[in-house]
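Data file: upload_23.cif. Format and content: mmCIF, C-alpha atoms.
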data_model
#
loop_
_atom_site.label_atom_id
_atom_site.label_comp_id
_atom_site.auth_asym_id
_atom_site.auth_seq_id
_atom_site.Cartn_x
_atom_site.Cartn_y
_atom_site.Cartn_z
CA MET R 30 -2.76 -14.89 45.87
CA ASP R 31 -1.14 -14.20 49.25
CA THR R 32 -2.70 -16.57 51.82
CA GLY R 33 -2.88 -13.98 54.61
CA ALA R 34 -4.69 -11.38 52.52
CA CYS R 35 -6.89 -14.04 50.93
CA THR R 36 -7.97 -15.52 54.27
CA ALA R 37 -8.55 -12.10 55.78
CA PHE R 38 -10.69 -11.00 52.85
CA PHE R 39 -12.78 -14.14 52.31
CA SER R 40 -13.43 -14.85 55.99
CA GLU R 41 -14.84 -11.34 56.22
CA ASN R 42 -16.81 -11.18 52.96
CA PHE R 43 -17.67 -14.70 51.82
CA PRO R 44 -20.10 -16.59 54.12
CA LEU R 45 -19.27 -19.94 52.46
CA TRP R 46 -15.73 -19.64 53.89
CA ALA R 47 -16.94 -20.97 57.25
CA LYS R 48 -17.99 -24.23 55.59
CA LEU R 49 -14.56 -24.95 54.10
CA SER R 50 -11.82 -27.10 55.61
CA GLN R 51 -8.33 -25.69 56.16
CA THR R 52 -7.08 -27.63 53.14
CA GLU R 53 -9.88 -26.30 50.93
CA ARG R 54 -9.20 -22.75 52.06
CA GLY R 55 -5.52 -23.13 51.29
CA LEU R 56 -6.30 -24.55 47.87
CA ILE R 57 -8.68 -21.71 47.02
CA CYS R 58 -6.21 -19.05 48.11
CA LYS R 59 -3.50 -20.66 46.02
CA MET R 60 -5.75 -20.79 42.94
CA THR R 61 -7.31 -17.35 43.19
CA SER R 62 -6.01 -14.40 41.24
CA GLU R 63 -6.71 -10.77 41.91
CA GLU R 64 -7.59 -8.93 38.72
CA PHE R 65 -8.55 -5.49 37.57
CA PHE R 66 -10.88 -4.82 34.64
CA SER R 67 -11.39 -1.36 33.27
CA LYS R 68 -14.87 -0.13 32.40
CA GLY R 69 -16.24 -1.80 29.29
CA SER R 70 -13.74 -4.65 29.09
CA ASN R 71 -14.86 -8.23 28.61
CA ILE R 72 -14.20 -10.76 31.39
CA HIS R 73 -15.97 -13.89 30.21
CA SER R 74 -17.31 -15.08 26.83
CA GLY R 75 -19.60 -18.04 26.39
CA SER R 76 -20.02 -21.47 27.89
CA ASN R 77 -16.94 -23.13 26.46
CA GLU R 78 -14.65 -21.13 28.63
CA CYS R 79 -14.36 -21.88 32.32
CA THR R 80 -13.15 -18.52 33.55
CA GLY R 81 -13.94 -19.40 37.16
CA ALA R 82 -16.08 -18.06 39.95
CA ILE R 83 -15.74 -14.27 39.89
CA PHE R 84 -15.98 -12.58 43.27
CA ILE R 85 -16.59 -8.84 43.02
CA LYS R 86 -14.42 -6.82 45.38
CA LYS R 87 -15.25 -3.43 43.91
CA GLY R 88 -17.16 -2.16 40.89
CA CYS R 89 -19.95 -3.65 38.83
CA LEU R 90 -20.15 -6.50 36.34
CA ARG R 91 -22.86 -7.03 33.76
CA ALA R 92 -23.93 -10.49 32.53
CA TYR R 93 -25.66 -10.65 29.16
CA ILE R 94 -26.57 -12.87 26.24
CA LEU R 95 -25.69 -12.04 22.67
CA SER R 96 -27.57 -12.68 19.43
CA GLU R 97 -25.81 -13.73 16.24
CA ASP R 98 -26.19 -10.23 14.89
CA GLY R 99 -24.66 -8.68 18.01
CA ARG R 100 -27.76 -7.60 19.94
CA GLU R 101 -27.25 -7.80 23.69
CA ILE R 102 -29.71 -8.48 26.46
CA THR R 103 -28.59 -7.72 29.98
CA LEU R 104 -29.47 -10.57 32.33
CA TYR R 105 -28.32 -9.07 35.61
CA ARG R 106 -25.69 -6.92 37.26
CA LEU R 107 -23.37 -7.93 40.08
CA TYR R 108 -22.01 -5.61 42.73
CA LYS R 109 -19.60 -5.70 45.67
CA ASN R 110 -19.47 -9.12 47.41
CA ASP R 111 -21.63 -10.78 44.74
CA ILE R 112 -20.28 -13.84 43.02
CA CYS R 113 -20.67 -14.79 39.38
CA MET R 114 -21.07 -18.56 38.98
CA LEU R 115 -22.33 -18.71 35.38
CA SER R 116 -18.77 -17.92 34.33
CA ALA R 117 -17.73 -21.27 35.83
CA SER R 118 -19.43 -23.70 33.44
CA CYS R 119 -17.06 -26.43 34.62
CA VAL R 120 -18.72 -26.17 38.04
CA LEU R 121 -22.30 -25.90 36.74
CA LYS R 122 -22.26 -28.52 34.01
CA SER R 123 -25.96 -28.18 33.28
CA ILE R 124 -25.54 -24.53 32.24
CA THR R 125 -25.30 -24.91 28.50
CA PHE R 126 -26.07 -21.42 27.26
CA ASP R 127 -23.55 -18.71 26.46
CA VAL R 128 -23.27 -15.94 29.00
CA PHE R 129 -21.00 -12.96 28.54
CA VAL R 130 -19.66 -10.86 31.39
CA ASP R 131 -18.27 -7.33 31.05
CA ALA R 132 -17.02 -4.82 33.58
CA GLU R 133 -19.61 -2.05 33.63
CA GLU R 134 -17.39 0.10 35.82
CA ASP R 135 -13.71 -0.15 36.67
CA SER R 136 -13.80 -3.31 38.76
CA GLU R 137 -11.55 -5.26 41.09
CA VAL R 138 -12.33 -8.95 41.28
CA TYR R 139 -10.99 -12.20 42.65
CA ILE R 140 -11.22 -15.06 40.21
CA ILE R 141 -11.32 -18.46 41.86
CA ASN R 142 -10.03 -21.06 39.40
CA GLY R 143 -12.97 -23.01 37.94
CA LYS R 144 -11.37 -26.43 38.05
CA THR R 145 -10.36 -25.94 41.70
CA PHE R 146 -13.86 -24.77 42.61
CA ALA R 147 -15.38 -27.74 40.75
CA ASP R 148 -13.08 -30.24 42.52
CA ILE R 149 -13.99 -28.84 45.93
CA ALA R 150 -17.71 -28.79 45.02
CA GLU R 151 -17.52 -32.50 44.17
CA LYS R 152 -16.37 -33.32 47.70
CA ASN R 153 -17.97 -30.61 49.81
CA SER R 154 -21.74 -30.55 49.36
CA TYR R 155 -22.00 -27.07 50.97
CA VAL R 156 -19.94 -25.74 48.09
CA LYS R 157 -21.98 -27.54 45.48
CA ILE R 158 -25.24 -26.35 47.03
CA PHE R 159 -23.87 -22.81 47.19
CA ALA R 160 -22.95 -22.85 43.48
CA LEU R 161 -26.32 -24.27 42.45
CA GLU R 162 -28.29 -21.93 44.69
CA THR R 163 -26.44 -18.94 43.26
CA ALA R 164 -27.38 -20.10 39.75
CA VAL R 165 -31.03 -20.64 40.70
CA LYS R 166 -31.17 -17.12 42.17
CA ARG R 167 -29.90 -15.73 38.85
CA PHE R 168 -32.55 -17.84 37.13
CA SER R 169 -35.18 -15.85 39.01
CA SER R 170 -33.62 -12.49 38.07
CA VAL R 171 -33.38 -13.57 34.46
CA MET R 172 -37.03 -14.65 34.37
CA TRP R 173 -38.00 -11.26 35.69
CA ILE R 174 -36.09 -9.49 32.90
CA MET R 175 -37.47 -11.85 30.29
CA GLN R 176 -41.04 -11.23 31.39
CA GLN R 177 -40.37 -7.50 31.19
CA ILE R 178 -39.01 -7.77 27.69
CA LEU R 179 -41.50 -10.25 26.33
CA PHE R 180 -44.67 -9.01 27.92
CA MET R 181 -44.26 -5.33 28.64
CA SER R 182 -44.73 -2.67 26.05
CA LEU R 183 -41.74 -0.53 25.18
CA ASP R 184 -42.96 2.72 26.79
CA ARG R 185 -43.42 0.93 30.07
CA ARG R 186 -40.07 -0.79 29.76
CA ILE R 187 -38.09 2.37 29.10
CA ALA R 188 -39.96 4.33 31.77
CA LEU R 189 -39.26 1.59 34.29
CA PHE R 190 -35.58 1.56 33.36
CA LEU R 191 -35.28 5.35 33.74
CA CYS R 192 -37.09 5.25 37.09
CA GLU R 193 -34.68 2.60 38.36
CA GLU R 194 -31.67 4.57 37.15
CA MET R 195 -32.96 7.69 38.95
CA GLU R 196 -33.48 5.69 42.12
CA LYS R 197 -30.06 4.06 41.88
CA THR R 198 -28.14 7.28 41.35
CA GLY R 199 -30.47 9.63 43.23
CA ASN R 200 -30.16 11.96 40.23
CA ARG R 201 -32.69 13.07 37.65
CA THR R 202 -30.00 13.29 34.98
CA ILE R 203 -29.13 9.97 33.40
CA LYS R 204 -25.94 9.98 31.40
CA LEU R 205 -26.66 7.19 28.96
CA THR R 206 -26.96 7.29 25.19
CA HIS R 207 -30.00 5.95 23.36
CA ALA R 208 -27.89 3.03 22.17
CA GLU R 209 -26.97 2.17 25.77
CA ILE R 210 -30.59 2.38 26.92
CA ALA R 211 -31.56 0.16 23.98
CA ARG R 212 -28.95 -2.36 25.04
CA TYR R 213 -30.07 -2.35 28.67
CA THR R 214 -33.75 -2.71 27.79
CA GLY R 215 -33.25 -5.26 25.00
CA SER R 216 -34.76 -2.99 22.34
CA ALA R 217 -33.76 -1.51 19.01
CA ARG R 218 -32.00 1.86 19.21
CA GLU R 219 -34.40 3.45 16.73
CA ALA R 220 -37.38 2.36 18.82
CA VAL R 221 -35.79 3.78 21.98
CA SER R 222 -35.05 7.12 20.28
CA ARG R 223 -38.63 7.29 19.05
CA MET R 224 -40.02 6.56 22.48
CA LEU R 225 -37.70 9.06 24.19
CA LYS R 226 -38.71 11.70 21.64
CA TYR R 227 -42.33 10.91 22.53
CA PHE R 228 -41.57 11.31 26.25
CA GLU R 229 -39.89 14.62 25.44
CA GLU R 230 -42.92 15.87 23.55
CA GLU R 231 -45.02 14.89 26.54
CA LYS R 232 -42.70 17.00 28.76
CA THR R 233 -41.71 13.93 30.77
CA VAL R 234 -38.00 14.10 29.89
CA GLU R 235 -35.53 16.48 28.31
CA LEU R 236 -32.97 15.06 25.92
CA PHE R 237 -29.41 16.29 25.53
CA ARG R 238 -26.33 14.90 23.82
CA GLY R 239 -25.30 11.79 25.75
CA GLY R 240 -28.12 11.81 28.27
CA ILE R 241 -31.60 12.47 29.56
CA THR R 242 -33.01 14.62 32.32
CA VAL R 243 -36.27 13.49 33.81
CA SER R 244 -38.39 16.63 34.11
CA ASP R 245 -41.54 14.95 35.38
CA PRO R 246 -40.76 11.92 37.55
CA GLU R 247 -44.43 11.46 38.51
CA SER R 248 -45.53 11.14 34.92
CA LEU R 249 -42.62 8.77 34.19
CA LYS R 250 -43.76 6.63 37.10
CA LEU R 251 -47.24 6.45 35.62
CA TYR R 252 -45.77 5.15 32.37
CA ALA R 253 -43.71 2.63 34.31
CA GLU R 254 -46.81 1.34 36.06
CA GLY R 255 -48.55 0.92 32.72
CA MET J 25 -49.93 -44.05 48.32
CA ASP J 26 -49.48 -47.80 48.84
CA THR J 27 -45.90 -48.39 50.05
CA GLY J 28 -45.34 -51.52 47.98
CA ALA J 29 -46.41 -49.95 44.69
CA CYS J 30 -44.58 -46.71 45.55
CA THR J 31 -41.30 -48.48 46.34
CA ALA J 32 -41.55 -50.68 43.27
CA PHE J 33 -42.19 -47.71 41.02
CA PHE J 34 -39.64 -45.23 42.38
CA SER J 35 -36.81 -47.73 42.82
CA GLU J 36 -37.24 -48.55 39.13
CA ASN J 37 -37.76 -45.06 37.71
CA PHE J 38 -36.25 -42.48 40.07
CA PRO J 39 -32.42 -42.63 40.37
CA LEU J 40 -32.45 -40.43 43.50
CA TRP J 41 -34.27 -43.28 45.32
CA ALA J 42 -30.94 -45.05 45.93
CA LYS J 43 -29.71 -42.04 47.94
CA LEU J 44 -32.63 -42.07 50.39
CA SER J 45 -32.73 -43.74 53.79
CA GLN J 46 -35.48 -46.25 54.63
CA THR J 47 -37.21 -43.60 56.76
CA GLU J 48 -37.08 -41.02 53.97
CA ARG J 49 -38.49 -43.52 51.48
CA GLY J 50 -41.33 -44.38 53.82
CA LEU J 51 -42.09 -40.70 54.37
CA ILE J 52 -42.14 -39.96 50.64
CA CYS J 53 -44.43 -42.91 49.91
CA LYS J 54 -46.78 -41.80 52.65
CA MET J 55 -46.88 -38.24 51.33
CA THR J 56 -47.19 -38.97 47.61
CA SER J 57 -50.49 -38.98 45.81
CA GLU J 58 -51.22 -40.53 42.46
CA GLU J 59 -53.22 -38.16 40.29
CA PHE J 60 -54.72 -38.01 36.85
CA PHE J 61 -55.04 -34.81 34.81
CA SER J 62 -56.98 -34.69 31.61
CA LYS J 63 -55.58 -32.87 28.57
CA GLY J 64 -55.65 -29.10 29.00
CA SER J 65 -56.24 -29.04 32.74
CA ASN J 66 -54.14 -26.87 35.03
CA ILE J 67 -51.91 -28.55 37.64
CA HIS J 68 -49.95 -25.68 39.15
CA SER J 69 -50.41 -21.89 39.19
CA GLY J 70 -47.75 -19.46 40.30
CA SER J 71 -45.10 -19.29 42.97
CA ASN J 72 -47.34 -18.87 46.01
CA GLU J 73 -48.59 -22.39 45.78
CA CYS J 74 -46.37 -25.29 46.76
CA THR J 75 -48.01 -28.03 44.74
CA GLY J 76 -45.05 -30.34 45.23
CA ALA J 77 -42.57 -32.20 43.08
CA ILE J 78 -44.50 -33.65 40.15
CA PHE J 79 -43.17 -36.93 38.81
CA ILE J 80 -44.57 -37.79 35.36
CA LYS J 81 -45.63 -41.40 35.05
CA LYS J 82 -47.37 -41.04 31.73
CA GLY J 83 -48.31 -38.16 29.42
CA CYS J 84 -46.87 -34.71 28.96
CA LEU J 85 -46.85 -31.54 31.05
CA ARG J 86 -46.18 -28.03 29.82
CA ALA J 87 -44.60 -25.31 31.99
CA TYR J 88 -45.21 -21.71 30.96
CA ILE J 89 -45.24 -18.11 32.09
CA LEU J 90 -48.24 -15.86 31.70
CA SER J 91 -48.46 -12.12 30.98
CA GLU J 92 -51.02 -9.88 32.65
CA ASP J 93 -53.06 -9.87 29.46
CA GLY J 94 -53.06 -13.66 29.26
CA ARG J 95 -50.27 -14.29 26.72
CA GLU J 96 -48.43 -17.54 27.40
CA ILE J 97 -44.85 -18.49 26.72
CA THR J 98 -43.99 -22.16 26.92
CA LEU J 99 -40.80 -22.68 28.90
CA TYR J 100 -40.42 -26.44 28.52
CA ARG J 101 -42.29 -29.73 28.32
CA LEU J 102 -41.87 -32.70 30.62
CA TYR J 103 -42.35 -36.32 29.61
CA LYS J 104 -42.35 -39.77 31.23
CA ASN J 105 -39.94 -40.04 34.20
CA ASP J 106 -39.20 -36.29 34.20
CA ILE J 107 -39.77 -34.38 37.38
CA CYS J 108 -41.12 -30.87 37.75
CA MET J 109 -39.40 -29.01 40.61
CA LEU J 110 -40.49 -25.44 39.81
CA SER J 111 -43.92 -26.42 41.12
CA ALA J 112 -42.31 -26.92 44.54
CA SER J 113 -41.41 -23.35 45.46
CA CYS J 114 -41.18 -24.38 49.11
CA VAL J 115 -38.21 -26.57 48.14
CA LEU J 116 -36.55 -24.02 45.83
CA LYS J 117 -36.97 -20.86 47.86
CA SER J 118 -34.96 -18.74 45.45
CA ILE J 119 -37.45 -19.37 42.62
CA THR J 120 -39.56 -16.26 42.86
CA PHE J 121 -41.26 -16.13 39.49
CA ASP J 122 -44.67 -17.54 38.63
CA VAL J 123 -44.65 -20.75 36.64
CA PHE J 124 -47.80 -22.43 35.46
CA VAL J 125 -48.05 -26.12 34.64
CA ASP J 126 -50.78 -27.70 32.51
CA ALA J 127 -51.34 -31.24 31.28
CA GLU J 128 -50.74 -31.13 27.55
CA GLU J 129 -52.00 -34.67 27.16
CA ASP J 130 -53.98 -36.90 29.47
CA SER J 131 -51.36 -37.46 32.16
CA GLU J 132 -50.74 -39.68 35.16
CA VAL J 133 -48.46 -38.19 37.77
CA TYR J 134 -47.17 -38.75 41.27
CA ILE J 135 -47.15 -35.61 43.36
CA ILE J 136 -44.64 -35.71 46.21
CA ASN J 137 -45.78 -33.32 48.93
CA GLY J 138 -43.69 -30.15 48.79
CA LYS J 139 -43.23 -29.71 52.52
CA THR J 140 -42.10 -33.34 52.90
CA PHE J 141 -39.66 -32.98 50.01
CA ALA J 142 -38.33 -29.71 51.50
CA ASP J 143 -37.84 -31.29 54.94
CA ILE J 144 -35.90 -34.20 53.46
CA ALA J 145 -33.84 -31.83 51.26
CA GLU J 146 -32.81 -29.89 54.39
CA LYS J 147 -31.25 -33.01 55.91
CA ASN J 148 -30.14 -35.02 52.88
CA SER J 149 -27.80 -33.02 50.68
CA TYR J 150 -28.24 -35.47 47.76
CA VAL J 151 -31.90 -34.48 47.66
CA LYS J 152 -31.14 -30.77 47.86
CA ILE J 153 -28.52 -31.05 45.12
CA PHE J 154 -30.95 -33.05 42.99
CA ALA J 155 -33.66 -30.38 43.33
CA LEU J 156 -31.26 -27.54 42.54
CA GLU J 157 -29.65 -29.36 39.62
CA THR J 158 -33.07 -30.05 38.13
CA ALA J 159 -33.89 -26.34 38.36
CA VAL J 160 -30.56 -25.33 36.80
CA LYS J 161 -31.18 -27.74 33.89
CA ARG J 162 -34.55 -26.06 33.30
CA PHE J 163 -32.75 -22.70 33.45
CA SER J 164 -30.72 -23.80 30.43
CA SER J 165 -33.82 -24.92 28.48
CA VAL J 166 -35.54 -21.66 29.31
CA MET J 167 -32.57 -19.61 28.14
CA TRP J 168 -32.63 -21.48 24.88
CA ILE J 169 -36.31 -20.65 24.35
CA MET J 170 -35.77 -17.02 25.35
CA GLN J 171 -32.93 -16.60 22.89
CA GLN J 172 -35.15 -18.07 20.20
CA ILE J 173 -37.95 -15.67 20.98
CA LEU J 174 -35.87 -12.57 21.53
CA PHE J 175 -33.28 -12.96 18.84
CA MET J 176 -34.74 -15.07 16.08
CA SER J 177 -36.99 -13.73 13.43
CA LEU J 178 -40.50 -15.09 13.29
CA ASP J 179 -40.11 -17.09 10.04
CA ARG J 180 -37.17 -18.94 11.50
CA ARG J 181 -38.97 -19.50 14.78
CA ILE J 182 -42.07 -20.99 13.22
CA ALA J 183 -40.09 -23.09 10.75
CA LEU J 184 -37.98 -24.46 13.58
CA PHE J 185 -41.09 -25.28 15.59
CA LEU J 186 -42.71 -27.12 12.66
CA CYS J 187 -39.49 -29.06 11.97
CA GLU J 188 -39.35 -30.16 15.60
CA GLU J 189 -43.01 -31.22 15.57
CA MET J 190 -42.41 -33.27 12.41
CA GLU J 191 -39.40 -34.91 13.99
CA LYS J 192 -41.26 -35.61 17.23
CA THR J 193 -44.29 -37.20 15.59
CA GLY J 194 -42.58 -38.59 12.48
CA ASN J 195 -45.48 -37.13 10.51
CA ARG J 196 -45.63 -34.29 7.99
CA THR J 197 -49.13 -33.35 9.11
CA ILE J 198 -49.21 -31.23 12.23
CA LYS J 199 -52.60 -30.97 13.87
CA LEU J 200 -52.29 -27.63 15.62
CA THR J 201 -54.25 -24.44 15.10
CA HIS J 202 -52.56 -21.11 14.38
CA ALA J 203 -53.50 -19.99 17.88
CA GLU J 204 -51.74 -23.03 19.36
CA ILE J 205 -48.63 -22.47 17.26
CA ALA J 206 -48.67 -18.82 18.33
CA ARG J 207 -48.82 -19.89 21.95
CA TYR J 208 -45.98 -22.40 21.58
CA THR J 209 -43.73 -19.93 19.77
CA GLY J 210 -44.57 -16.92 21.95
CA SER J 211 -45.98 -14.91 19.03
CA ALA J 212 -49.20 -13.16 18.13
CA ARG J 213 -51.76 -15.35 16.35
CA GLU J 214 -52.15 -12.83 13.52
CA ALA J 215 -48.40 -12.84 12.90
CA VAL J 216 -48.34 -16.65 12.83
CA SER J 217 -51.24 -16.81 10.37
CA ARG J 218 -49.49 -14.30 8.13
CA MET J 219 -46.25 -16.23 8.21
CA LEU J 220 -47.99 -19.58 7.56
CA LYS J 221 -49.83 -18.00 4.64
CA TYR J 222 -46.45 -16.87 3.34
CA PHE J 223 -45.05 -20.40 3.70
CA GLU J 224 -48.10 -21.67 1.82
CA GLU J 225 -47.57 -19.26 -1.03
CA GLU J 226 -43.96 -20.44 -1.16
CA LYS J 227 -45.27 -24.05 -1.47
CA THR J 228 -43.51 -25.01 1.76
CA VAL J 229 -46.69 -25.97 3.63
CA GLU J 230 -50.36 -26.62 2.93
CA LEU J 231 -52.92 -25.27 5.36
CA PHE J 232 -56.16 -26.96 6.32
CA ARG J 233 -58.70 -26.35 9.05
CA GLY J 234 -57.02 -27.29 12.34
CA GLY J 235 -53.62 -28.13 10.92
CA ILE J 236 -50.71 -27.90 8.53
CA THR J 237 -49.07 -30.34 6.16
CA VAL J 238 -45.44 -29.72 5.39
CA SER J 239 -45.13 -30.20 1.62
CA ASP J 240 -41.46 -29.25 1.34
CA PRO J 241 -39.50 -30.27 4.44
CA GLU J 242 -36.18 -29.29 2.84
CA SER J 243 -37.29 -25.73 2.24
CA LEU J 244 -38.74 -25.54 5.76
CA LYS J 245 -35.38 -26.67 7.12
CA LEU J 246 -33.67 -23.85 5.22
CA TYR J 247 -35.99 -21.34 6.86
CA ALA J 248 -35.28 -22.92 10.24
CA GLU J 249 -31.55 -22.55 9.72
CA GLY J 250 -32.03 -18.87 8.88
#

So, in terms of structure tokens, how does the structure I just supplied come out?
Amino acid sequence: MDTGACTAFFSENFPLWAKLSQTERGLICKMTSEEFFSKGSNIHSGSNECTGAIFIKKGCLRAYILSEDGREITLYRLYKNDICMLSASCVLKSITFDVFVDAEEDSEVYIINGKTFADIAEKNSYVKIFALETAVKRFSSVMWIMQQILFMSLDRRIALFLCEEMEKTGNRTIKLTHAEIARYTGSAREAVSRMLKYFEEEKTVELFRGGITVSDPESLKLYAEG
Amino acid sequence: MDTGACTAFFSENFPLWAKLSQTERGLICKMTSEEFFSKGSNIHSGSNECTGAIFIKKGCLRAYILSEDGREITLYRLYKNDICMLSASCVLKSITFDVFVDAEEDSEVYIINGKTFADIAEKNSYVKIFALETAVKRFSSVMWIMQQILFMSLDRRIALFLCEEMEKTGNRTIKLTHAEIARYTGSAREAVSRMLKYFEEEKTVELFRGGITVSDPESLKLYAEG
């Protein structure tokens, strides 16, 4: 990547930059590639690969785990200026589980070469601490999701998801299929369809092909609160 | 704690000791208490408390999460010379979920004061890296458990658990109640009883009050492999 553009971008958007030496900065710029991923494409698959540290310039990435039979559970989403470290298993050697990362929207990212990042982390403890702290933060998000999935009943889970979508988009109409909602909430599609049908009968939502309109946000909120 | 005994113990059993200054060692010894917990007693509850870093001298601790209705999911177990860092939320500020820690057997532990550990970690990057790396290792164990619970079918889950117990104790007789097995595998007791009954009918196990004898380890292994 061009050193001028790289320096300009990272010094502005990446707080760790201030803790790097000139040599380290040069090395990172040299070993960073700018990449574009279209919506739905896969960026990283599993722990054997060391894709690198993925810095999100624009768009949204989704990290998830995958069962043998293809069921997905979303662990967290990353947005502008977030960094994905679980895709750099060569930096975080104690991460031994398989994480997958897809572009959830058209996304522009910078991928810092994993080996380069790992080498710098070995010498610069700020970098190592940054990488580990990022992973521990994700640990907390993941635990939150897991508790939702394991402990919360499905009605509550789906209601909570729809409430969050409404809040995120500021729109009562949520353009997601039942299969997508099932994927995002870690449930079976059939179960989600059944629950949505139930919400429809209760006049909480209206269903249409490819989406849902929340007709009674208050009632949905009550479900979400359990 | 007595400085002589403290130094003798930690220099022998705690690799991080070599990376501490004399002052830091003295501070840790001063702020460490030796404690005994009898089987089943609670040591740490939730993220608001900063119990400290718990170093296991003898016995076994169990870390778990708890649902609102009291369901437990075991995250991992810690044995001799392991250290529990999730009980020191003042050291790992990004850990925001509630972990509970119980003594699973009569246990002797050293509890290093959380505030003291945090202060040292702020100045000594080896200590900070050690704390974070310990947490990231637990992250991997937890992900493994979660994948088991979320993705694996119950028969496989229970079979795997019984296989591991056999391996751990070297004994085909497992002295655990259905309720305990349910707790350890994150399942409902009724479901566990049903599945064990099924294994019994298949001549894989024999049930008795308070325990299980595995009569056909090979068949159990096949279930565990799915």

(message) Running the PyMOL selection byres ((chain J and resi 238) around 12) on this model by hand, what would come out? Give it as a PyMOL selection string.
(response) chain J and resi 183+185-191+194-199+220+223-224+226-232+235-237+239-245

Within 6 Å of chain J, which residues of chain R come that close, and what is the closest atom pair and distance in Å for each? Count only C-alpha atoms and give it as JSON lines.
{"residue": "R:Ser96", "atom": "CA", "partner": "J:Phe175", "partner_atom": "CA", "distance": 5.7}
{"residue": "R:Ser123", "atom": "CA", "partner": "J:Lys161", "partner_atom": "CA", "distance": 5.3}
{"residue": "R:Ile124", "atom": "CA", "partner": "J:Ser164", "partner_atom": "CA", "distance": 5.5}
{"residue": "R:Thr125", "atom": "CA", "partner": "J:Ser164", "partner_atom": "CA", "distance": 5.9}
{"residue": "R:Leu161", "atom": "CA", "partner": "J:Leu156", "partner_atom": "CA", "distance": 5.9}
{"residue": "R:Lys166", "atom": "CA", "partner": "J:Ser118", "partner_atom": "CA", "distance": 5.3}
{"residue": "R:Ser169", "atom": "CA", "partner": "J:Ile119", "partner_atom": "CA", "distance": 5.5}
{"residue": "R:Phe180", "atom": "CA", "partner": "J:Ser91", "partner_atom": "CA", "distance": 5.8}

(message) Between atom CA of Cys58 of chain R and atom CA of Ile149 of chain R, what distance in Å does the model show, to one decimal?
(response) 12.7 Å

(request) Provide the atom CA of Lys139 of chain J to atom CA of Leu102 of chain J distance in Å, to one decimal place. (result)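 Rounded to one decimal, the two atoms are 22.1 Å apart.
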
(message) For this structure, which residues satisfy the selection - the PyMOL selection byres ((chain R and resi 34) around 12) - when it is evaluated on the file as given? I want them as a list in words.
(response)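 With the shown file as input, the PyMOL selection byres ((chain R and resi 34) around 12) matches Met30, Asp31, Thr32, Gly33, Cys35, Thr36, Ala37, Phe38, Phe39, Ser40, Glu41, Gly55, Cys58, Lys59, Thr61, Ser62, Glu63 and Tyr139 of chain R.
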
(request) Select all residues near (-9.7, -7.3, 37.7) (cut-off 10 Å, inclusive, file coordinates), counting all atoms listed in the file, and output them as an NGL selection string. (result) :R and (62-67 or 70 or 72 or 83-88 or 132 or 135-140)

(request) Using atom CA of Asn105 of chain J and atom CA of Pro39 of chain J as the two end points, give the distance in Å to one decimal. (result) 10.1 Å

(request) For the point (-47.0, -21.7, 34.0) in the file's frame, write as an NGL selection string all residues with an atom no more than 7 Å away, counting all atoms listed in the file. (result) :J and (69-70 or 87-90 or 122-125)

With N, CA and C atoms retained, output segment 90-99 of chain R as a compact mmCIF listing (two decimals), in the first residue's frame.
# COMPACT_ATOMS: atom_id res chain seq x y z
N LEU R 90 -18.60 -6.17 8.67
CA LEU R 90 -18.22 -7.58 8.61
C LEU R 90 -18.95 -8.34 9.71
N ARG R 91 -19.18 -9.62 9.45
CA ARG R 91 -19.85 -10.47 10.43
C ARG R 91 -18.96 -11.66 10.74
N ALA R 92 -18.68 -11.88 12.04
CA ALA R 92 -17.89 -13.04 12.47
C ALA R 92 -18.85 -14.09 13.01
N TYR R 93 -18.64 -15.33 12.63
CA TYR R 93 -19.55 -16.39 13.06
C TYR R 93 -18.84 -17.72 13.20
N ILE R 94 -19.49 -18.64 13.91
CA ILE R 94 -19.00 -20.02 13.96
C ILE R 94 -19.97 -20.87 13.17
N LEU R 95 -19.51 -22.04 12.77
CA LEU R 95 -20.23 -22.88 11.82
C LEU R 95 -20.26 -24.30 12.37
N SER R 96 -21.46 -24.91 12.37
CA SER R 96 -21.54 -26.32 12.79
C SER R 96 -21.22 -27.22 11.61
N GLU R 97 -21.00 -28.50 11.90
CA GLU R 97 -20.68 -29.43 10.82
C GLU R 97 -21.78 -29.48 9.76
N ASP R 98 -23.02 -29.31 10.22
CA ASP R 98 -24.11 -29.39 9.26
C ASP R 98 -24.48 -28.01 8.70
N GLY R 99 -23.58 -27.04 8.87
CA GLY R 99 -23.76 -25.76 8.18
C GLY R 99 -24.56 -24.70 8.91
